[in-house]
Amino acid sequence: MAAFEDVTDQEVKSGSGMYFDIHCYKTTAPSAGMPVAFSVQVEDKSYYMCCEKEHGKMVVRFREGEVPKDIPGESNIIFFKKTFTSCSSKAFKFEYSLEQGMFLAFEEEDSLRKLILKKLPREDEVDETTKFVTSRNERHNL
């Protein structure tokens, strides 16, 4: 399970905490958004984020390994990066590529924040739990 604790601004500035790498892919359907995959480094191991069905519900998982350089077809690791609102250039939301209307989101549980997939009734709905702010460079798989 992917769960995160709150960190202070000072902890973020010092570089402690979790950093995700966003891997961007070429697309033939740019209207859907930029296709991206997420990975994270924990100690000396790499993990990629994927979505899997568990007990009839889609869940976010991390699997050990690297994200592939190319993804020729559909994949359970791809999200479409979309602007969160038109007035914010660093805030984004990420729609799951295999299920339209399902977005990566945070959910509070026992003082931790869990990554989940959340159904939004309308794509233009502003839901703060689906807001992600980027702060570092993305990796482009070209």
# chains A, B, ... in the order shown; residues from 1 in each chain; ligands from 1

$ select_by_dssp --residues "chain A" --states "helix (DSSP H, G or I)" --output "number ranges by chain"
A: 9-13, 30-32, 128-130

$ select_by_dssp --residues "stretch 70-110 of chain A" --states "strand (DSSP E or B)" --output "MDAnalysis selection string"
chainID A and resid 79:83 91:96 102:109

$ residues_around --residues "stretch 56-63 of chain A" --least-positions-apart "4" --cutoff "12 Å" --atoms "only C-alpha atoms" --output "count of residues only"
38

$ residues_around --residues "A:Lys93" --least-positions-apart "3" --cutoff "9 Å" --atoms "only C-alpha atoms" --output "PDB file with N, CA, C and O atoms, in the first residue's frame"
ATOM      1  N   PHE A  80      -2.893  10.060 -17.738  1.00  0.00           N
ATOM      2  CA  PHE A  80      -2.845  11.244 -18.591  1.00  0.00           C
ATOM      3  C   PHE A  80      -2.733  12.476 -17.703  1.00  0.00           C
ATOM      4  O   PHE A  80      -3.588  12.709 -16.850  1.00  0.00           O
ATOM      5  N   LYS A  81      -1.665  13.233 -17.917  1.00  0.00           N
ATOM      6  CA  LYS A  81      -1.410  14.447 -17.148  1.00  0.00           C
ATOM      7  C   LYS A  81      -2.265  15.575 -17.722  1.00  0.00           C
ATOM      8  O   LYS A  81      -2.201  15.861 -18.909  1.00  0.00           O
ATOM      9  N   LYS A  82      -3.072  16.190 -16.862  1.00  0.00           N
ATOM     10  CA  LYS A  82      -3.960  17.276 -17.284  1.00  0.00           C
ATOM     11  C   LYS A  82      -3.800  18.446 -16.321  1.00  0.00           C
ATOM     12  O   LYS A  82      -3.525  18.241 -15.139  1.00  0.00           O
ATOM     13  N   THR A  83      -3.972  19.669 -16.823  1.00  0.00           N
ATOM     14  CA  THR A  83      -3.870  20.822 -15.927  1.00  0.00           C
ATOM     15  C   THR A  83      -5.008  20.766 -14.923  1.00  0.00           C
ATOM     16  O   THR A  83      -6.132  20.381 -15.249  1.00  0.00           O
ATOM     17  N   PHE A  84      -4.700  21.129 -13.677  1.00  0.00           N
ATOM     18  CA  PHE A  84      -5.707  21.087 -12.613  1.00  0.00           C
ATOM     19  C   PHE A  84      -6.738  22.195 -12.812  1.00  0.00           C
ATOM     20  O   PHE A  84      -7.926  21.954 -12.794  1.00  0.00           O
ATOM     21  N   PHE A 103      -9.300   9.341 -11.422  1.00  0.00           N
ATOM     22  CA  PHE A 103      -8.124  10.173 -11.229  1.00  0.00           C
ATOM     23  C   PHE A 103      -7.341   9.740 -10.000  1.00  0.00           C
ATOM     24  O   PHE A 103      -7.909   9.268  -9.009  1.00  0.00           O
ATOM     25  N   LEU A 104      -6.033   9.914 -10.078  1.00  0.00           N
ATOM     26  CA  LEU A 104      -5.164   9.689  -8.931  1.00  0.00           C
ATOM     27  C   LEU A 104      -5.533  10.722  -7.878  1.00  0.00           C
ATOM     28  O   LEU A 104      -5.703  11.905  -8.191  1.00  0.00           O
ATOM     29  N   ALA A 105      -5.677  10.280  -6.621  1.00  0.00           N
ATOM     30  CA  ALA A 105      -6.092  11.187  -5.549  1.00  0.00           C
ATOM     31  C   ALA A 105      -5.489  10.733  -4.224  1.00  0.00           C
ATOM     32  O   ALA A 105      -4.960   9.619  -4.116  1.00  0.00           O
ATOM     33  N   THR A 130      -7.379  15.579  -5.816  1.00  0.00           N
ATOM     34  CA  THR A 130      -6.741  15.112  -7.051  1.00  0.00           C
ATOM     35  C   THR A 130      -5.656  16.075  -7.529  1.00  0.00           C
ATOM     36  O   THR A 130      -5.119  15.901  -8.623  1.00  0.00           O
ATOM     37  N   LYS A 131      -5.331  17.075  -6.723  1.00  0.00           N
ATOM     38  CA  LYS A 131      -4.356  18.106  -7.115  1.00  0.00           C
ATOM     39  C   LYS A 131      -2.939  17.689  -6.731  1.00  0.00           C
ATOM     40  O   LYS A 131      -2.672  17.352  -5.584  1.00  0.00           O
ATOM     41  N   PHE A 132      -2.046  17.705  -7.712  1.00  0.00           N
ATOM     42  CA  PHE A 132      -0.634  17.387  -7.503  1.00  0.00           C
ATOM     43  C   PHE A 132       0.183  18.561  -8.020  1.00  0.00           C
ATOM     44  O   PHE A 132      -0.059  19.053  -9.115  1.00  0.00           O
ATOM     45  N   VAL A 133       1.150  18.995  -7.232  1.00  0.00           N
ATOM     46  CA  VAL A 133       2.003  20.114  -7.632  1.00  0.00           C
ATOM     47  C   VAL A 133       3.382  19.566  -7.971  1.00  0.00           C
ATOM     48  O   VAL A 133       3.978  18.840  -7.169  1.00  0.00           O
TER      49      VAL A 133
END

$ closest_residue --among "A:Asp44, A:Asp127, A:Asp70, A:Glu64" --to "A:His23" --atoms "only C-alpha atoms"
A:Asp70

$ atom_distance --atom1 "atom CA of A:Ser75" --atom2 "atom CA of A:Thr27"
13.2 Å

$ atom_distance --atom1 "atom CA of A:Lys26" --atom2 "atom CA of A:Glu95"
16.4 Å
